[in-house]
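A short write-up of the structure that comes next.
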Amino acid sequence: MKLDASYTLVAPESGPVRFALEALRRDWQAVFGAELRNGESSRQLRLMLVNLGREEAYRITVTDEIRIEGNDELGLVFGIYWFCEEVLGVDPYQFWTDHVPVRQREIAVAEGVRVQPEPAVRFRGWFINGEDCLIGWHDEMRISPATWRAIFETMLRAGFNMVIPGTGVAPTDPQVDLAAAMGLWITQHHAEPLGARMFSEAYPGIPARWPEEWPRFEALYREAILAAEGRKTVWAVGFRGQGDQPFYRDDPRHTSPEQRGAVIGEAIRRQQALIRELAPGPHHFAHNIYGESALYYRAGHLPLPDDVMRVWGDNGYGAMCMRRMSAHPGEKRIPATPLAGDRLNGVYYHVNFHDLQVSNQLTPLVAPELIRDELGAMLMPNGFHYLTLNVGNIRPHVHGIGLIGRMVNHPPAVPAYESDFCRRHFPGFETQAATFIRRYYAATGNYGPHRDERIGEEGWHYPLRTGIACVLRGENAAEHVTFRFIADRPADSAGCFQWMRERAGESLPRWETLARDTAAIEQAGWRDSFGMFINYNLHSCRGTVAGMEGLLAYLRAEWEAAFCRFADALQHMEAAHAALRATEHGKWKNFYRGDCLTGTPKTLRALDVILGVCRLRGDTSWPRSAWMIKALGTTSHAVGILGQTTTDDRRLAAALVRRGQGDPQEDLALLR
């Protein structure tokens, strides 16, 4: 049949469906250039609820009319969004990619019946975490209701049905109600069981001891359960300390693994009892086997009830093994995979991660091949019920999010994902784009022997900033948490700086070649995504090479050499910052203003500080500047004046470098 703008809409306008209908009308207008009118006709799009025998299922029937049937409201929502993507050609991630659907007069739609295949995972969620750019994008420094609505709409368009709507979210926050109204299941972060307030926030100054403070914990849990009334909830049960750390750091009386596992298990059982008392069923429970929980559960010290989903976390870099707990030399990689007999399982997975070391916030890091192998291996066995995907600021991570969306919803479509992605977003050069994307993931440097041990863009910033802070304070960088990712960590600062210099130096030629090969691509979608990712990493990597060389010179008290290398590093990091900001057009104005986790502006400030310190320590002659005299090859009176008035250390550094290369220029304008 032929679909055109003459079709009318017959649909229930209530609950979550009304949000999806608003999106459908926008899409219809974008494709046909006409309003989708309500009312019965001989050519109509009819939406209805029918019993399909499975929660959230939908069925599409195409004859002279198109009928979208949902088993329930969320099933109808998914059916509407399938129609938007597969028939109207609208990208589920269009809000983030700026993809514009093709304007059409009519669309050929094959007649027949399509029944939605059952998704590979029952609960498919996003965790909006590390959302510094999403927050900083807004002048009020909080994510607006309109942006939350766009986030939740994107999730539903892409087939996700569950959300943790922000970091440190309270059950009374308005975006939680909005997510529930749009049909999403609500779940919670592992550090905030049941969505309860932190004990330290509710009871400041009172130690969070177990079991003595159970009545206070119980009050917080009851408060959270009652606040969730009327929402579809997957309850995160568990027991962590204040600020997402092991509970025994707050209550060190529990010393053995057996004692600690028993406390977590007892807390979970009490939480379940409260939920059964206060919230109507059916009940869904999940416990994150993450950090210390993984150690105790694998050793048999943490008993979990059979009806609790075991949610295994990747290490933040895409591998299904435990996150580094301490990164001591020789630390073992402990698998984060289900044990024999585990019936209900799930995964907490990252395309975005923040560890103050070498992870990623602003650019993708986890390669599609690794995602397919690691997450795919978890999906294959029976009993996989739950996924929470850490999506960060969303916009930089659409490529990985989209792949995982296919894996948990429609696994047979996964092999075609890369070609489909490039065909949609980079039309006209999709084959070259696919090659460049593979090269992008290969360009990242390695910090260890395993395929997941890759250096994200934070690795070009945290070690450099930490190194600067350590040399200025007279501290040993090797003892700082930032450098603990190095398995055979050197004993001193110089060894750490040299190690980072070598890793950046290994990666830099790949970034330079890739940047050169893609420099001529003018397509806007490429420039705002992989084009920016390449340039940001290129300039940040160059800045790390120069910055680590500056730190090594600083340790040798070679002030002029350090001064020149830090000036070079500052120039490269400014270019990296400019690459971010160049994507802030239209609605994206100020999107990267909130970059505080990778912290490009903090890197610029740190380099500016140490540049000035090098000048103060090395250019000590008075009243004239010995470095200026050297740079210009003159002792004229004007040099003395400039020495007292110029503030541009980078120009002086550039002049010193030129002088060292045998290019003296007695040109005072160089320093003005």
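Naming works like this for the structure tokens: A, B, ... for the chains as they're shown, residue 1 at the start of each chain, ligands 1 onward in shown order.
Close contacts of region 497-500 of chain A, defined as residues with an atom at most 8 Å away when counting only C-alpha atoms, with chain neighbours fewer than 6 positions off set aside, comprise Pro463, Gly467, Thr544, Val545, Met548, Glu549, Leu551 and Leu552 of chain A.
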Legend entry - Residue neighbourhood Asp250 (chain A), 7 Å, only C-alpha atoms, exclusion window fewer than 2 positions, as a ChimeraX atom specification: /A:208,241,247-248,252
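Listed by chain and then by rising number, the residues of region 113-189 of chain A that DSSP assigns to alpha helix (DSSP H) from the backbone are Asp132, Cys133, Leu134, Ile135, Gly136, Pro145, Ala146, Thr147, Trp148, Arg149, Ala150, Ile151, Phe152, Glu153, Thr154, Met155, Leu156, Arg157, Pro174, Gln175, Val176, Asp177, Leu178, Ala179, Ala180 and Ala181 of chain A.
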Legend entry - Contacts of Glu292 (chain A) at 10 Å (only C-alpha atoms; same-chain gap of 5+ positions) as a VMD selection string: chain A and resid 240 245 to 247 257 260 to 261 297 322 325
Write the selection just made, keeping N, CA and C atoms, as a compact mmCIF listing (two decimals), in the first residue's frame?
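So the final result, stored in selection12.txt, reads:
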```txt
# COMPACT_ATOMS: atom_id res chain seq x y z
N ARG A 240 25.41 -0.10 50.66
CA ARG A 240 26.72 0.51 50.49
C ARG A 240 26.86 1.65 51.48
N GLN A 245 30.68 4.00 48.51
CA GLN A 245 31.87 3.29 48.96
C GLN A 245 31.43 2.13 49.84
N PRO A 246 32.30 1.17 50.11
CA PRO A 246 31.90 0.04 50.98
C PRO A 246 31.40 0.53 52.33
N PHE A 247 30.36 -0.10 52.85
CA PHE A 247 29.75 0.36 54.10
C PHE A 247 30.72 0.27 55.27
N PRO A 257 35.32 -10.97 55.55
CA PRO A 257 34.40 -11.10 54.41
C PRO A 257 33.08 -11.74 54.80
N ARG A 260 30.93 -9.06 56.55
CA ARG A 260 30.49 -8.02 55.61
C ARG A 260 29.42 -8.55 54.67
N GLY A 261 29.63 -9.75 54.13
CA GLY A 261 28.62 -10.34 53.27
C GLY A 261 27.31 -10.57 53.99
N TYR A 297 30.09 -12.28 47.01
CA TYR A 297 29.14 -13.21 46.38
C TYR A 297 29.88 -14.37 45.74
N MET A 322 35.79 -7.49 37.12
CA MET A 322 35.60 -6.51 38.19
C MET A 322 36.41 -5.26 37.94
N MET A 325 40.03 -2.47 41.94
CA MET A 325 39.77 -2.08 43.33
C MET A 325 40.92 -1.27 43.90
```
Inset, instruction - For Leu375 (chain A), please output as a ChimeraX atom specification all residues within 12 Å (counting only C-alpha atoms; exclusion window: fewer than 2 positions along the same chain). - result: /A:120-121,312-314,317-321,336-337,346-351,366-373,377-381,384,387-389,400,403-408,411
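Counting only C-alpha atoms and comparing A:Leu3, A:Leu21, A:Ala443, A:Cys596, the residue that lies closest to Gly136 (chain A) is A:Cys596.
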Inset, instruction - Extract, using only C-alpha atoms, all DNA, RNA and protein residues at most 8 Å from Met532 (chain A), discarding same-chain residues fewer than 6 positions from it, and format them as a VMD selection string. - result: chain A and resid 526 579 to 580 583
Inset, instruction - as a VMD selection string, list the residues of region 344-495 of chain A assigned to strand (DSSP E) by DSSP on the backbone atoms of this structure. - result: chain A and resid 345 to 350 384 to 390
Mind writing the picked residues with N, CA, C and O atoms as a PDB file, in the first residue's frame?
```pdb
ATOM      1  N   ASN A 345      19.683 -12.947  35.980  1.00  0.00           N
ATOM      2  CA  ASN A 345      20.931 -12.216  35.827  1.00  0.00           C
ATOM      3  C   ASN A 345      20.733 -10.925  35.034  1.00  0.00           C
ATOM      4  O   ASN A 345      19.765 -10.766  34.298  1.00  0.00           O
ATOM      5  N   GLY A 346      21.693 -10.020  35.188  1.00  0.00           N
ATOM      6  CA  GLY A 346      21.670  -8.758  34.469  1.00  0.00           C
ATOM      7  C   GLY A 346      23.062  -8.174  34.381  1.00  0.00           C
ATOM      8  O   GLY A 346      24.034  -8.744  34.892  1.00  0.00           O
ATOM      9  N   VAL A 347      23.159  -7.019  33.723  1.00  0.00           N
ATOM     10  CA  VAL A 347      24.445  -6.357  33.518  1.00  0.00           C
ATOM     11  C   VAL A 347      24.298  -4.859  33.748  1.00  0.00           C
ATOM     12  O   VAL A 347      23.298  -4.254  33.346  1.00  0.00           O
ATOM     13  N   TYR A 348      25.288  -4.287  34.396  1.00  0.00           N
ATOM     14  CA  TYR A 348      25.478  -2.838  34.454  1.00  0.00           C
ATOM     15  C   TYR A 348      26.673  -2.550  33.564  1.00  0.00           C
ATOM     16  O   TYR A 348      27.796  -2.941  33.882  1.00  0.00           O
ATOM     17  N   TYR A 349      26.443  -1.866  32.430  1.00  0.00           N
ATOM     18  CA  TYR A 349      27.469  -1.700  31.402  1.00  0.00           C
ATOM     19  C   TYR A 349      27.711  -0.219  31.144  1.00  0.00           C
ATOM     20  O   TYR A 349      26.829   0.616  31.332  1.00  0.00           O
ATOM     21  N   HIS A 350      28.937   0.082  30.688  1.00  0.00           N
ATOM     22  CA  HIS A 350      29.336   1.481  30.477  1.00  0.00           C
ATOM     23  C   HIS A 350      29.752   1.740  29.032  1.00  0.00           C
ATOM     24  O   HIS A 350      30.574   1.008  28.490  1.00  0.00           O
ATOM     25  N   PHE A 384      18.753 -13.913  31.277  1.00  0.00           N
ATOM     26  CA  PHE A 384      19.262 -12.540  31.253  1.00  0.00           C
ATOM     27  C   PHE A 384      18.060 -11.600  31.245  1.00  0.00           C
ATOM     28  O   PHE A 384      17.310 -11.552  30.281  1.00  0.00           O
ATOM     29  N   HIS A 385      17.893 -10.837  32.312  1.00  0.00           N
ATOM     30  CA  HIS A 385      16.652 -10.088  32.490  1.00  0.00           C
ATOM     31  C   HIS A 385      16.838  -8.580  32.573  1.00  0.00           C
ATOM     32  O   HIS A 385      15.829  -7.858  32.486  1.00  0.00           O
ATOM     33  N   TYR A 386      18.039  -8.096  32.730  1.00  0.00           N
ATOM     34  CA  TYR A 386      18.201  -6.706  33.169  1.00  0.00           C
ATOM     35  C   TYR A 386      19.461  -6.116  32.558  1.00  0.00           C
ATOM     36  O   TYR A 386      20.512  -6.757  32.512  1.00  0.00           O
ATOM     37  N   LEU A 387      19.354  -4.875  32.071  1.00  0.00           N
ATOM     38  CA  LEU A 387      20.526  -4.111  31.646  1.00  0.00           C
ATOM     39  C   LEU A 387      20.367  -2.672  32.108  1.00  0.00           C
ATOM     40  O   LEU A 387      19.328  -2.046  31.868  1.00  0.00           O
ATOM     41  N   THR A 388      21.378  -2.148  32.755  1.00  0.00           N
ATOM     42  CA  THR A 388      21.486  -0.708  32.967  1.00  0.00           C
ATOM     43  C   THR A 388      22.718  -0.240  32.218  1.00  0.00           C
ATOM     44  O   THR A 388      23.823  -0.748  32.434  1.00  0.00           O
ATOM     45  N   LEU A 389      22.526   0.718  31.324  1.00  0.00           N
ATOM     46  CA  LEU A 389      23.599   1.230  30.489  1.00  0.00           C
ATOM     47  C   LEU A 389      23.942   2.645  30.919  1.00  0.00           C
ATOM     48  O   LEU A 389      23.083   3.540  30.895  1.00  0.00           O
ATOM     49  N   ASN A 390      25.183   2.848  31.334  1.00  0.00           N
ATOM     50  CA  ASN A 390      25.648   4.184  31.725  1.00  0.00           C
ATOM     51  C   ASN A 390      25.922   4.979  30.450  1.00  0.00           C
ATOM     52  O   ASN A 390      26.869   4.691  29.725  1.00  0.00           O
TER      53      ASN A 390
END
```
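Distance annotation: of A:Ala191, A:Gly445, A:Ala515, A:Phe530, the residue with the minimal separation from Arg501 (chain A) is A:Gly445; atom set is only C-alpha atoms.
Taking only C-alpha atoms, the non-local environment of Ile521 (chain A) within 12 Å (same-chain residues fewer than 4 positions away omitted) comprises Phe426, Pro427, Gly428, Phe429, Glu430, Gln432, Ala433, Phe436, Leu514, Ala515, Arg516, Asp517, Gly525, Trp526, Arg527, Asp528, Ser529, Phe530, Gly531 and Met532 of chain A.
When only C-alpha atoms are used to compute distances to Leu597 (chain A), the closest of the residues A:Glu457, A:Glu218, A:Glu229, A:Glu55 turns out to be A:Glu457.
What separates CA of Asp648 (chain A) from CA of Thr598 (chain A) is a distance of 26.3 Å.
Among A:Ile334, A:Pro207, A:Trp214, A:Thr97, the residue with the shortest atom-to-atom distance to Arg249 (chain A), counting only C-alpha atoms, is A:Pro207.
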Legend entry - Separation of CA of Ala582 (chain A) from CA of Asn535 (chain A), in Å and rounded to one decimal: 10.8 Å
Legend entry - Coordinates-based distance that separates CA of Gly195 (chain A) from CA of Leu295 (chain A) (Å, one decimal): 23.9 Å
